[in-house]
Structure formats: C-alpha cells, structure tokens
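Asker: Okay, so here is start.cif, and as you'll see once you scroll down, it has mmCIF, C-alpha atoms and all ligand atoms.
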```
data_data
#
loop_
_atom_site.label_atom_id
_atom_site.label_comp_id
_atom_site.auth_asym_id
_atom_site.auth_seq_id
_atom_site.Cartn_x
_atom_site.Cartn_y
_atom_site.Cartn_z
CA MET Q 1 -41.30 -25.57 -38.34
CA ASP Q 2 -38.28 -26.33 -40.42
CA GLY Q 3 -37.90 -29.71 -38.81
CA ALA Q 4 -41.50 -30.73 -39.71
CA ALA Q 5 -41.05 -29.60 -43.32
CA TRP Q 6 -37.87 -31.56 -43.60
CA ARG Q 7 -39.58 -34.64 -42.16
CA ALA Q 8 -42.35 -34.37 -44.76
CA ASP Q 9 -39.72 -34.06 -47.48
CA THR Q 10 -37.84 -37.16 -46.41
CA GLU Q 11 -41.07 -39.16 -46.23
CA ASP Q 12 -41.85 -38.12 -49.80
CA LEU Q 13 -38.38 -39.03 -50.93
CA VAL Q 14 -38.59 -42.48 -49.37
CA ARG Q 15 -42.00 -43.09 -50.94
CA PHE Q 16 -40.67 -41.98 -54.31
CA ALA Q 17 -37.60 -44.18 -54.05
CA LEU Q 18 -39.73 -47.20 -53.11
CA SER Q 19 -42.02 -46.73 -56.08
CA VAL Q 20 -39.07 -46.45 -58.47
CA TYR Q 21 -37.56 -49.59 -56.98
CA ARG Q 22 -40.84 -51.56 -57.34
CA ARG Q 23 -41.32 -50.44 -60.94
CA SER Q 24 -37.80 -51.37 -61.88
CA ARG Q 25 -38.27 -54.82 -60.30
CA VAL Q 26 -41.41 -55.46 -62.28
CA SER Q 27 -39.77 -54.47 -65.55
CA PHE Q 28 -36.70 -56.54 -64.69
CA ALA Q 29 -38.91 -59.58 -63.94
CA LEU Q 30 -40.79 -59.06 -67.22
CA HIS Q 31 -37.65 -59.18 -69.29
CA LEU Q 32 -35.85 -61.66 -67.12
CA HIS Q 33 -36.43 -64.79 -69.19
CA GLU Q 34 -35.48 -62.97 -72.39
CA ARG Q 35 -32.13 -62.05 -70.89
CA LEU Q 36 -31.50 -65.28 -69.03
CA VAL Q 37 -31.99 -67.82 -71.83
CA PRO Q 38 -29.08 -66.74 -74.02
CA LEU Q 39 -26.92 -66.33 -70.93
CA VAL Q 40 -27.64 -69.89 -69.81
CA VAL Q 41 -26.92 -71.21 -73.31
CA LEU Q 42 -23.63 -69.35 -73.42
CA LEU Q 43 -22.57 -70.51 -69.96
CA PHE Q 44 -23.53 -74.10 -70.74
CA SER Q 45 -21.47 -74.18 -73.93
CA VAL Q 46 -18.42 -72.63 -72.26
CA PHE Q 47 -18.73 -75.10 -69.40
CA SER Q 48 -19.08 -78.14 -71.66
CA ILE Q 49 -16.10 -77.10 -73.82
CA ALA Q 50 -14.02 -76.71 -70.67
CA LEU Q 51 -15.21 -80.10 -69.39
CA LEU Q 52 -14.42 -81.89 -72.64
CA SER Q 53 -10.99 -80.38 -73.08
CA ALA Q 54 -9.92 -80.88 -69.46
CA PRO Q 55 -8.69 -84.48 -69.79
CA LEU Q 56 -6.67 -83.50 -72.88
CA ARG Q 57 -4.98 -80.63 -71.08
CA ARG Q 58 -4.41 -82.31 -67.75
CA LYS Q 59 -3.23 -85.63 -69.05
CA THR Q 60 0.52 -85.15 -68.67
CA PRO Q 61 0.73 -83.98 -65.02
CA VAL Q 62 -1.80 -86.56 -63.83
CA GLU Q 63 0.13 -89.37 -65.51
CA GLY Q 64 3.38 -87.94 -64.12
CA SER Q 65 2.30 -88.00 -60.47
CA LYS Q 66 0.56 -91.36 -60.87
CA GLU Q 67 3.68 -92.82 -62.34
CA ALA Q 68 5.64 -91.33 -59.45
CA ILE Q 69 3.32 -92.78 -56.88
CA HIS Q 70 3.23 -96.16 -58.61
CA SER Q 71 6.97 -96.54 -59.04
CA ALA Q 72 8.70 -94.45 -56.36
CA LEU Q 73 6.50 -95.06 -53.32
CA PRO Q 74 6.62 -98.88 -53.55
CA ALA Q 75 10.42 -98.55 -53.52
CA LEU Q 76 10.07 -96.76 -50.21
CA LEU Q 77 7.99 -99.66 -48.89
CA ARG Q 78 11.13 -101.71 -48.43
CA PHE Q 79 12.13 -99.29 -45.69
CA ILE Q 80 8.99 -97.71 -44.25
CA CYS Q 81 5.28 -98.14 -44.66
CA PRO Q 82 2.34 -95.92 -43.80
CA SER Q 83 0.95 -97.21 -40.53
CA GLY Q 84 -2.66 -98.11 -39.92
CA ARG Q 85 -4.46 -96.15 -42.58
CA SER Q 86 -2.21 -97.55 -45.33
CA VAL Q 87 -2.28 -94.16 -47.03
CA TRP Q 88 0.99 -92.29 -47.48
CA PRO Q 89 1.11 -88.84 -45.87
CA PRO Q 90 1.09 -86.18 -48.66
CA SER Q 91 4.73 -85.23 -48.04
CA TYR Q 92 5.86 -88.69 -49.19
CA ALA Q 93 3.86 -88.49 -52.42
CA ALA Q 94 5.56 -85.12 -53.04
CA LEU Q 95 9.01 -86.64 -52.38
CA ALA Q 96 8.13 -89.55 -54.70
CA LYS Q 97 7.15 -87.12 -57.43
CA ARG Q 98 10.43 -85.28 -57.06
CA ALA Q 99 12.35 -88.60 -57.10
CA SER Q 100 10.63 -89.77 -60.30
CA LYS Q 101 11.53 -86.51 -62.01
CA SER Q 102 15.18 -86.53 -60.90
CA LYS Q 103 17.71 -87.80 -63.42
CA LYS Q 104 19.43 -90.24 -61.09
CA LYS Q 105 16.11 -91.48 -59.62
CA LEU Q 106 17.35 -90.43 -56.20
CA PHE Q 107 14.70 -90.67 -53.48
CA VAL Q 108 15.87 -88.21 -50.84
CA LEU Q 109 14.30 -88.79 -47.46
CA PRO Q 110 14.85 -86.04 -44.85
CA VAL Q 111 15.84 -87.55 -41.49
CA ASP Q 112 13.77 -84.97 -39.56
CA LEU Q 113 10.62 -85.88 -41.48
CA LEU Q 114 11.30 -89.57 -40.94
CA LEU Q 115 11.85 -89.22 -37.18
CA HIS Q 116 8.82 -86.95 -36.79
CA ASP Q 117 6.51 -89.31 -38.67
CA ILE Q 118 7.74 -92.43 -36.90
CA LEU Q 119 7.21 -90.81 -33.49
CA LEU Q 120 3.68 -89.74 -34.43
CA SER Q 121 3.05 -93.16 -35.97
CA ASN Q 122 2.31 -91.79 -39.44
CA VAL Q 123 4.83 -94.25 -40.82
CA GLU Q 124 6.57 -97.34 -39.47
CA LEU Q 125 10.04 -98.74 -39.99
CA ARG Q 126 10.27 -102.09 -41.74
CA ASN Q 127 13.19 -104.52 -41.46
CA ALA Q 128 15.08 -101.97 -39.35
CA PRO Q 129 18.00 -104.29 -38.44
CA GLU Q 130 18.59 -105.01 -42.11
CA VAL Q 131 17.76 -101.75 -43.87
CA LEU Q 132 18.98 -99.08 -41.41
CA PRO Q 133 22.67 -100.13 -41.52
CA ALA Q 134 22.62 -100.31 -45.32
CA LEU Q 135 21.05 -96.88 -45.52
CA PHE Q 136 23.56 -95.41 -43.05
CA ARG Q 137 26.46 -96.59 -45.19
CA ALA Q 138 25.34 -95.44 -48.65
CA PRO Q 139 22.26 -94.78 -50.75
CA LEU Q 140 20.23 -97.96 -50.85
CA ALA Q 141 19.15 -99.38 -54.20
CA VAL Q 142 15.41 -100.12 -54.15
CA GLY Q 143 13.95 -101.02 -57.53
CA HIS Q 144 14.92 -98.32 -60.00
CA TYR Q 145 15.53 -95.87 -57.20
CA GLN Q 146 18.36 -94.91 -54.84
CA LEU Q 147 17.06 -94.18 -51.37
CA SER Q 148 19.19 -91.68 -49.48
CA LEU Q 149 18.86 -89.98 -46.09
CA GLN Q 150 19.17 -86.22 -45.96
CA VAL Q 151 20.32 -84.24 -42.95
CA SER Q 152 18.74 -80.83 -42.45
CA LYS Q 153 20.54 -77.72 -41.24
CA GLY Q 154 18.53 -77.87 -38.00
CA LEU Q 155 19.57 -81.43 -37.22
CA ARG Q 156 23.18 -80.68 -38.11
CA ALA Q 157 23.10 -77.68 -35.76
CA ALA Q 158 21.65 -79.83 -32.95
CA ALA Q 159 24.42 -82.40 -33.48
CA VAL Q 160 27.10 -79.70 -33.42
CA ARG Q 161 25.63 -78.19 -30.24
CA TRP Q 162 25.59 -81.57 -28.53
CA PHE Q 163 29.11 -82.33 -29.69
CA LEU Q 164 30.54 -79.03 -28.51
CA SER Q 165 28.63 -78.85 -25.24
CA SER Q 166 29.83 -82.27 -24.12
CA GLN Q 167 33.43 -81.23 -24.85
CA MET Q 168 33.15 -78.36 -22.42
CA LEU Q 169 34.13 -78.35 -18.83
CA ASN Q 170 31.30 -78.57 -16.33
CA VAL Q 171 32.31 -76.62 -13.23
CA PHE Q 172 29.81 -78.53 -11.12
CA TYR Q 173 31.17 -81.90 -12.16
CA GLN Q 174 31.65 -84.42 -9.38
CA PRO Q 175 33.54 -87.50 -10.52
CA ALA Q 176 31.53 -90.38 -9.15
CA PRO Q 177 32.47 -93.44 -11.18
CA LEU Q 178 30.49 -95.82 -9.00
CA SER Q 179 27.29 -94.14 -10.06
CA ALA Q 180 28.01 -94.50 -13.77
CA ARG Q 181 25.26 -96.77 -14.96
CA ILE Q 182 25.56 -99.64 -17.35
CA PHE Q 183 23.23 -99.26 -20.29
CA GLU Q 184 20.17 -101.52 -20.23
CA PRO Q 185 21.11 -103.74 -23.19
CA GLU Q 186 24.53 -104.37 -21.68
CA LYS Q 187 23.05 -105.98 -18.59
CA HIS Q 188 22.14 -108.98 -20.75
CA LEU Q 189 25.60 -109.36 -22.23
CA PRO Q 190 27.78 -112.22 -21.10
CA PRO Q 191 30.79 -110.95 -19.11
CA PRO Q 192 33.69 -110.14 -21.46
CA THR Q 193 36.05 -112.73 -20.08
CA PRO Q 194 34.02 -115.50 -18.50
CA SER Q 195 36.74 -116.58 -16.08
CA ARG Q 196 36.93 -113.13 -14.47
CA HIS Q 197 33.74 -111.51 -13.33
CA PRO Q 198 34.46 -107.85 -12.88
CA SER Q 199 33.60 -106.47 -9.49
CA LEU Q 200 32.71 -103.17 -11.16
CA GLU Q 201 31.11 -102.55 -14.55
CA LEU Q 202 31.12 -98.95 -15.69
CA THR Q 203 30.57 -96.95 -18.81
CA LEU Q 204 32.16 -93.81 -20.19
CA ASP Q 205 28.96 -92.96 -22.06
CA SER Q 206 27.95 -90.12 -19.81
CA VAL Q 207 31.37 -88.70 -18.95
CA ARG Q 208 32.33 -85.45 -20.65
CA SER Q 209 35.62 -85.33 -22.57
CA ALA Q 210 37.07 -82.76 -20.23
CA HIS Q 211 36.34 -85.01 -17.23
CA VAL Q 212 37.60 -88.35 -18.49
CA GLU Q 213 40.91 -87.85 -16.67
CA SER Q 214 39.39 -86.89 -13.32
CA TRP Q 215 36.86 -89.70 -13.71
CA ILE Q 216 39.72 -92.17 -14.13
CA ARG Q 217 41.58 -90.69 -11.16
CA ALA Q 218 38.49 -91.15 -9.02
CA LEU Q 219 38.15 -94.71 -10.28
CA LYS Q 220 41.75 -95.51 -9.30
CA ASN Q 221 41.08 -94.27 -5.80
CA THR Q 222 37.88 -96.28 -5.51
CA CYS Q 223 39.36 -99.60 -6.58
CA GLU Q 224 40.90 -102.00 -4.14
CA LYS Q 225 43.92 -104.16 -4.77
CA GLY Q 226 43.09 -107.24 -6.84
CA GLU Q 227 39.76 -105.87 -8.03
CA THR Q 228 38.74 -106.17 -11.68
CA VAL Q 229 36.91 -103.36 -13.45
CA ALA Q 230 35.16 -103.50 -16.83
CA ILE Q 231 34.70 -100.20 -18.66
CA HIS Q 232 32.36 -100.01 -21.63
CA PHE Q 233 32.58 -97.27 -24.21
CA THR Q 234 31.81 -96.40 -27.81
CA THR Q 235 34.16 -94.96 -30.39
CA LEU Q 236 33.56 -93.44 -33.76
CA ASN Q 237 34.96 -95.03 -36.90
CA PRO Q 238 38.03 -92.89 -37.76
CA SER Q 239 36.79 -92.62 -41.37
CA VAL Q 240 33.83 -90.51 -40.23
CA HIS Q 241 34.70 -86.87 -40.80
CA LEU Q 242 33.79 -84.09 -38.45
CA TRP Q 243 30.49 -82.46 -39.45
CA SER Q 244 29.84 -85.02 -42.15
CA LYS Q 245 26.37 -86.45 -42.74
CA GLU Q 246 27.53 -89.72 -41.11
CA LEU Q 247 28.53 -87.89 -37.94
CA VAL Q 248 25.06 -86.35 -37.69
CA LEU Q 249 23.49 -89.79 -38.23
CA CYS Q 250 25.75 -91.14 -35.45
CA ALA Q 251 24.68 -88.32 -33.13
CA VAL Q 252 20.93 -88.95 -33.50
CA PRO Q 253 20.52 -91.57 -30.72
CA PHE Q 254 22.76 -89.58 -28.35
CA LEU Q 255 20.90 -86.29 -28.66
CA PRO Q 256 18.52 -85.38 -25.84
CA ARG Q 257 15.18 -87.10 -26.39
CA ARG Q 258 12.23 -85.05 -27.61
CA TYR Q 259 9.93 -86.81 -25.18
CA GLN Q 260 11.29 -86.63 -21.66
CA GLY Q 261 8.13 -87.74 -19.89
CA LYS Q 262 6.68 -86.41 -16.66
CA ASP Q 263 9.94 -86.75 -14.81
CA LYS Q 264 12.15 -84.29 -16.72
CA LYS Q 265 15.17 -85.29 -14.66
CA ARG Q 266 14.81 -88.91 -15.73
CA THR Q 267 18.29 -90.32 -15.30
CA SER Q 268 17.93 -92.09 -18.57
CA ASN Q 269 21.16 -93.13 -20.09
CA ALA Q 270 19.90 -91.72 -23.36
CA ALA Q 271 19.21 -88.32 -21.85
CA THR Q 272 22.68 -87.96 -20.42
CA ARG Q 273 24.96 -89.48 -23.04
CA THR Q 274 27.80 -87.27 -24.12
CA SER Q 275 29.99 -87.20 -27.18
CA ALA Q 276 33.17 -87.76 -25.17
CA PRO Q 277 33.81 -91.38 -26.11
CA LEU Q 278 32.88 -90.57 -29.71
CA ALA Q 279 35.41 -87.78 -29.78
CA THR Q 280 38.15 -89.81 -28.06
CA PRO Q 281 40.01 -92.51 -29.99
CA VAL Q 282 40.57 -95.93 -28.36
CA HIS Q 283 44.30 -95.43 -27.94
CA ARG Q 284 43.70 -92.14 -26.08
CA ILE Q 285 41.26 -93.82 -23.69
CA LEU Q 286 43.79 -96.62 -23.11
CA GLU Q 287 46.50 -94.03 -22.49
CA LEU Q 288 44.35 -92.17 -20.01
CA LEU Q 289 43.46 -95.34 -18.14
CA THR Q 290 47.04 -96.53 -17.77
CA SER Q 291 49.00 -93.29 -17.64
CA GLY Q 292 51.39 -92.42 -14.82
CA ASN Q 293 51.56 -94.62 -11.80
CA SER Q 294 47.89 -95.48 -12.03
CA GLY Q 295 48.34 -98.93 -10.65
CA LEU Q 296 45.74 -100.19 -13.12
CA ASP Q 297 46.75 -102.98 -15.52
CA VAL Q 298 44.95 -103.67 -18.74
CA ILE Q 299 43.89 -107.30 -18.90
CA SER Q 300 41.99 -107.17 -22.18
CA LEU Q 301 40.38 -104.92 -24.75
CA ASN Q 302 37.51 -106.42 -26.69
CA ASN Q 303 35.36 -105.23 -29.56
CA ILE Q 304 31.86 -106.21 -28.42
CA SER Q 305 29.95 -104.43 -31.23
CA ALA Q 306 28.27 -107.61 -32.48
CA ASP Q 307 26.90 -108.57 -29.03
CA TYR Q 308 26.04 -105.00 -28.18
CA LEU Q 309 24.02 -104.38 -31.32
CA ALA Q 310 22.26 -107.71 -30.87
CA GLY Q 311 21.39 -106.53 -27.34
CA LEU Q 312 20.03 -103.23 -28.68
CA ASN Q 313 17.90 -104.96 -31.30
CA HIS Q 314 16.68 -107.44 -28.72
CA HIS Q 315 15.77 -104.57 -26.42
CA ALA Q 316 13.93 -102.70 -29.20
CA GLN Q 317 11.87 -105.86 -29.79
CA ASN Q 318 11.36 -106.48 -26.09
CA VAL Q 319 10.07 -102.95 -25.51
CA GLU Q 320 7.39 -103.76 -28.08
CA ASP Q 321 6.55 -107.36 -27.11
CA ASN Q 322 6.84 -107.27 -23.33
CA ARG Q 323 3.49 -105.97 -22.18
CA ASN Q 324 4.55 -104.93 -18.69
CA LEU Q 325 7.62 -103.11 -19.90
CA ARG Q 326 5.61 -101.38 -22.61
CA THR Q 327 2.89 -100.22 -20.20
CA THR Q 328 5.44 -98.94 -17.68
CA MET Q 329 7.30 -97.01 -20.36
CA ILE Q 330 4.15 -95.49 -21.88
CA ASP Q 331 2.99 -94.44 -18.39
CA ASP Q 332 6.34 -92.82 -17.81
CA ILE Q 333 7.23 -91.14 -21.10
CA GLY Q 334 4.00 -91.32 -23.12
CA LEU Q 335 3.24 -93.12 -26.34
CA GLU Q 336 5.50 -90.89 -28.46
CA GLY Q 337 8.29 -91.25 -25.93
CA TRP Q 338 7.97 -95.01 -26.06
CA ARG Q 339 8.11 -94.97 -29.87
CA GLU Q 340 11.14 -92.69 -29.70
CA GLU Q 341 12.98 -94.98 -27.27
CA ARG Q 342 12.26 -98.02 -29.44
CA LEU Q 343 13.39 -96.22 -32.59
CA MET Q 344 16.61 -95.02 -30.95
CA PHE Q 345 17.56 -98.57 -29.89
CA SER Q 346 17.15 -99.69 -33.51
CA TRP Q 347 18.93 -96.60 -34.82
CA GLU Q 348 21.93 -97.08 -32.55
CA ALA Q 349 22.09 -100.79 -33.38
CA GLY Q 350 22.12 -99.81 -37.06
CA LEU Q 351 25.15 -97.56 -36.49
CA TYR Q 352 27.18 -100.45 -35.00
CA ALA Q 353 26.03 -102.77 -37.77
CA ALA Q 354 27.08 -100.16 -40.36
CA ASN Q 355 30.49 -100.10 -38.63
CA LEU Q 356 30.20 -96.36 -38.04
CA LEU Q 357 30.45 -96.97 -34.29
CA THR Q 358 32.40 -99.59 -32.35
CA ARG Q 359 31.60 -100.79 -28.84
CA TRP Q 360 34.49 -101.74 -26.62
CA VAL Q 361 34.98 -103.22 -23.21
CA ILE Q 362 38.27 -102.87 -21.45
CA MET Q 363 39.14 -105.01 -18.43
CA LEU Q 364 41.46 -103.54 -15.83
CA ARG Q 365 42.86 -104.80 -12.58
CA LYS Q 366 44.40 -102.95 -9.74
C1 LIG Y 401 34.34 -104.67 -34.37
O1 LIG Y 401 33.52 -105.80 -34.56
C2 LIG Y 401 32.63 -105.68 -35.65
C3 LIG Y 401 31.69 -106.87 -35.62
O2 LIG Y 401 32.30 -108.05 -35.31
C4 LIG Y 401 33.44 -105.60 -36.93
O3 LIG Y 401 32.60 -105.56 -38.05
C5 LIG Y 401 34.31 -104.37 -36.87
O4 LIG Y 401 35.13 -104.27 -38.02
C6 LIG Y 401 35.18 -104.37 -35.62
N1 LIG Y 401 35.79 -103.06 -35.49
C7 LIG Y 401 37.06 -102.88 -35.12
C8 LIG Y 401 37.54 -101.48 -35.09
O5 LIG Y 401 37.76 -103.82 -34.82
#
```
As structure tokens - that is how I would like this structure written.

Answerer:
Amino acid sequence: MDGAAWRADTEDLVRFALSVYRRSRVSFALHLHERLVPLVVLLFSVFSIALLSAPLRRKTPVEGSKEAIHSALPALLRFICPSGRSVWPPSYAALAKRASKSKKKLFVLPVDLLLHDILLSNVELRNAPEVLPALFRAPLAVGHYQLSLQVSKGLRAAAVRWFLSSQMLNVFYQPAPLSARIFEPEKHLPPPTPSRHPSLELTLDSVRSAHVESWIRALKNTCEKGETVAIHFTTLNPSVHLWSKELVLCAVPFLPRRYQGKDKKRTSNAATRTSAPLATPVHRILELLTSGNSGLDVISLNNISADYLAGLNHHAQNVEDNRNLRTTMIDDIGLEGWREERLMFSWEAGLYAANLLTRWVIMLRK
C-alpha cells in the first residue's frame, strides 16, 4: 500500500517539476532578446577595444623576436642550416632570441642539441672543414654575433666516463697486436717513408692505457728480425686541460656511437676507440716502445695530422657521394647511424685541423 502511494507521489512530483521547467523556459525565451541585446553590445565593444589596442601592447616583444630571428639566425647560417623544410626548429629561434638579448651578442649553441638535430636531419652542417676547426678553437665571429659551442653536464659526464673507463685494467684483455686494425681513412694514406714499406701497420687507437705495455711486449715477440712496423696513434695537444670544454669536444668522436646498427658487436674502430693515446704523451709512447732490451729501433716519428685529416674529410665526402658505400652503411647502421658516422669523420678532422689533436706514425724495426 505504502509503495503505491509513494509511486503516485513521485509521479506527481515529476509532473510538477516538468511544468515548472516548461513555464520557466517560455518566460526565459520571451525575455531573451531583451537580455541578449545589451550583452552582445557590451561584448562587442570590449572585444573591439581589445583588438584595437593589441598591436600597441604587443609591439615591443614581436619586434624583439623578429629582430632576433632576422639578425641572429642568419649568423648561424654560416655554420648550419635547417635541412629540407628550410624552417628553423623552434629551439634555434629561442637561442637566437637569447643571443640578441645578450650584451656580448653571444650565440651559445649546445653541442648535444647540435648532434641530435644533425643525426635526425633537422639541421645540416655547412662548410664543416672550414667552420668546425674555427669553432673548436674559439668563439667564431659571424656578423655581429659570436658563435660558441656549449658542453652540457651530460656530455661532460659521458666524456669523463669514457676517459676513466679506458684507463682501467681489463682483466679479460688479450694482447693481440696483429688484430689491431688500421682506421679506414689511413688505408688511403701514402706509406710514411716511401722507401720502406712496413710489413705491419698497427694502431694504438683501441688499446687501453693500462695495456699499452703488454701490447708492446706482444708486438716485440711477434716481429721477426729485419721487419719494419708502423704504429699510428693520436695525442692530445698538451695545452688542453683535463675536464676542459676542449677535452669534451675532443672526446666526442671517440665516444661509443649512439647508433650501433643491427650488429651490436660491430668491430667498428669508432665503437672501440679508447682514450689511451689521448692520455699518453708522445715521449711516453716512445719510451714504452723502446724501453729495456726491446730490440726495436725507432726509424722515424712523423706528424701526419695534415694527411690524416684530409683522409677523414675525404672519407666523410665519400660516404655521402659513393652510392654503394652509402647503401651498405645505411643497411647496416640505419640512416641516423650513417649520418652519425659521416658527422664524426668531419668532427674528428676538425679536431686535427684545430690542432687540438695530433696524429703520429712511428716506424720501428727489429
Ligand atoms: C702537426 O702537423 C700539423 C699540420 O701540419 C701542425 O699544424 C701541427 O702544429 C703539428 N703538431 C706538432 C705537435 O708538431
């Protein structure tokens, strides 16, 4: 009984509510135009005032960023350009804005950003053989601006890790000098002393500091009387301080590649290069090679930086122009990997050209 009564009550309530709602709608509709007209007028005037005053208020910042983009970004064009779309990624417009506001007109370009955008083909390097070495040495004057590379904490940490880890002893190390590969660009170099073709050409690039001595011992045992050996290695300019920005720039091409391709264990020279030669001065390497009763005589020591950097630049160009080589590389390490490899050849060449690195070849005879 109670349930039925309650049901009747709710039905009444609903009916009542509906009728109130309908009545209120009618009255609202009746007075709608009276209420709406002044509202529309008010809104329209507020909107038009805002519209008219906007250019006055916004003038300064718009001019500021336009000026930045028109003066700072073209300066950057001497070094890099946006690829394909010919539109700068937003981060560069932001950097340009900051540069135009800075007192010294310093355009600070983070190395990480640069590497990332080159690998993804957002930007491209221009005149790498000319501009990279200049930029490695000091801020580069471009128009009214000074272009400078900036090293991030992350990159510095990666360089330090690489530097320290290749100083450490590897307990699994097997000195096998005969397997030490000669770097691709060096294969095209003329032999250091034309009259004497070395029977062995080796490089210290992939030998850890702690193993240089055992490597040399193994080499002595491998050589036969009368044989000539050429050993290639790179040293750091003594003026480069430990943990300086220059040292990090020098480390960039030696760090493990971001793109390792399908074959992770790719015995790429780049993937296995250590900091040992960089951390060992020339005289120390000479000492190590000739110490004790080694039975190895030094015939010559030559600075081959000029030829070596020409070889690197040639290789960077060849990787781009030679269709077969390009296809093989892209199949192996992907498009980004190929771009990375090409960039690192140019980068390393730039370091020799900037005289931050020196390439040597030492000729020895047993
Ligand atoms: C090595 O050769 C390069 C190029 O010829 C030269 O600029 C550089 O000063 C030389 N370095 C040393 C340490 O002799």

Asker: Which of these residues is nearest to ligand LIG 401 (chain Y), using only C-alpha atoms and all ligand atoms: Q:Gly337, Q:Gly295, Q:Pro198, Q:Pro133?

Answerer: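 Going through Q:Gly337, Q:Gly295, Q:Pro198, Q:Pro133 one by one, the smallest distance to ligand LIG 401 (chain Y) is for Q:Pro133.
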
Asker: What is the distance between atom CA of Q:Ser166 and atom CA of Q:His116, in Å to one decimal?

Answerer: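 We find that atom CA of Q:Ser166 and atom CA of Q:His116 lie 25.0 Å from each other.
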
Asker: Residues within 7 Å of ligand LIG 401 (chain Y) should be enumerated using all atoms listed in the file and returned as an MDAnalysis selection string.

Answerer: chainID Q and resid 303:306 355 358

Asker: Let me make sure I understand: among Q:Val160, Q:Ala99, Q:Leu364, Q:Val123, which one has the smallest atom-to-atom distance to Q:Lys220 if we use all atoms listed in the file?

Answerer: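 For Q:Lys220, the nearest of the given residues is Q:Leu364.
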
Asker: Smallest atom-to-atom distance to Q:Val151: which of Q:Arg326, Q:His70, Q:Lys245, Q:Arg208, using all atoms listed in the file?

Answerer: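 Result for the nearest residue to Q:Val151: Q:Lys245.
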
Asker: Record the distance separating atom CA of Q:Thr228 and atom CA of Q:Ser199, expressed in Å with one decimal.

Answerer: 5.6 Å

Asker: Can you work out the spacing between atom CA of Q:Lys103 and atom CA of Q:Ile80 in Å, to one decimal?

Answerer: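 A separation of 23.3 Å between them.
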
Asker: Could you give me, as a list of chain:residue names, the residues within 10 Å of stretch 278-287 of chain Q, counting only C-alpha atoms and dropping anything in the same chain fewer than 5 positions from it?

Answerer: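 The contact residues come out as Q:Phe163, Q:Ser166, Q:Gln167, Q:Leu204, Q:Asp205, Q:Arg208, Q:Ser209, Q:Val212, Q:Glu213, Q:Ile216, Q:Phe233, Q:Thr234, Q:Thr235, Q:Leu236, Q:Asn237, Q:Pro238, Q:Leu242, Q:Leu247, Q:Cys250, Q:Ala251, Q:Gly292, Q:Val298, Q:Leu301, Q:Leu357, Q:Thr358, Q:Trp360, Q:Ile362.
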
Asker: Using C-alpha atoms, can you export the residues from the last selection as an mmCIF file, in the coordinates of the input?

Answerer:
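The result, stored in selection.cif:
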```
data_model
loop_
_atom_site.group_PDB
_atom_site.id
_atom_site.type_symbol
_atom_site.label_atom_id
_atom_site.label_comp_id
_atom_site.auth_asym_id
_atom_site.auth_seq_id
_atom_site.Cartn_x
_atom_site.Cartn_y
_atom_site.Cartn_z
ATOM 1 C CA PHE Q 163 29.110 -82.330 -29.690
ATOM 2 C CA SER Q 166 29.830 -82.270 -24.120
ATOM 3 C CA GLN Q 167 33.430 -81.230 -24.850
ATOM 4 C CA LEU Q 204 32.160 -93.810 -20.190
ATOM 5 C CA ASP Q 205 28.960 -92.960 -22.060
ATOM 6 C CA ARG Q 208 32.330 -85.450 -20.650
ATOM 7 C CA SER Q 209 35.620 -85.330 -22.570
ATOM 8 C CA VAL Q 212 37.600 -88.350 -18.490
ATOM 9 C CA GLU Q 213 40.910 -87.850 -16.670
ATOM 10 C CA ILE Q 216 39.720 -92.170 -14.130
ATOM 11 C CA PHE Q 233 32.580 -97.270 -24.210
ATOM 12 C CA THR Q 234 31.810 -96.400 -27.810
ATOM 13 C CA THR Q 235 34.160 -94.960 -30.390
ATOM 14 C CA LEU Q 236 33.560 -93.440 -33.760
ATOM 15 C CA ASN Q 237 34.960 -95.030 -36.900
ATOM 16 C CA PRO Q 238 38.030 -92.890 -37.760
ATOM 17 C CA LEU Q 242 33.790 -84.090 -38.450
ATOM 18 C CA LEU Q 247 28.530 -87.890 -37.940
ATOM 19 C CA CYS Q 250 25.750 -91.140 -35.450
ATOM 20 C CA ALA Q 251 24.680 -88.320 -33.130
ATOM 21 C CA GLY Q 292 51.390 -92.420 -14.820
ATOM 22 C CA VAL Q 298 44.950 -103.670 -18.740
ATOM 23 C CA LEU Q 301 40.380 -104.920 -24.750
ATOM 24 C CA LEU Q 357 30.450 -96.970 -34.290
ATOM 25 C CA THR Q 358 32.400 -99.590 -32.350
ATOM 26 C CA TRP Q 360 34.490 -101.740 -26.620
ATOM 27 C CA ILE Q 362 38.270 -102.870 -21.450
#
```
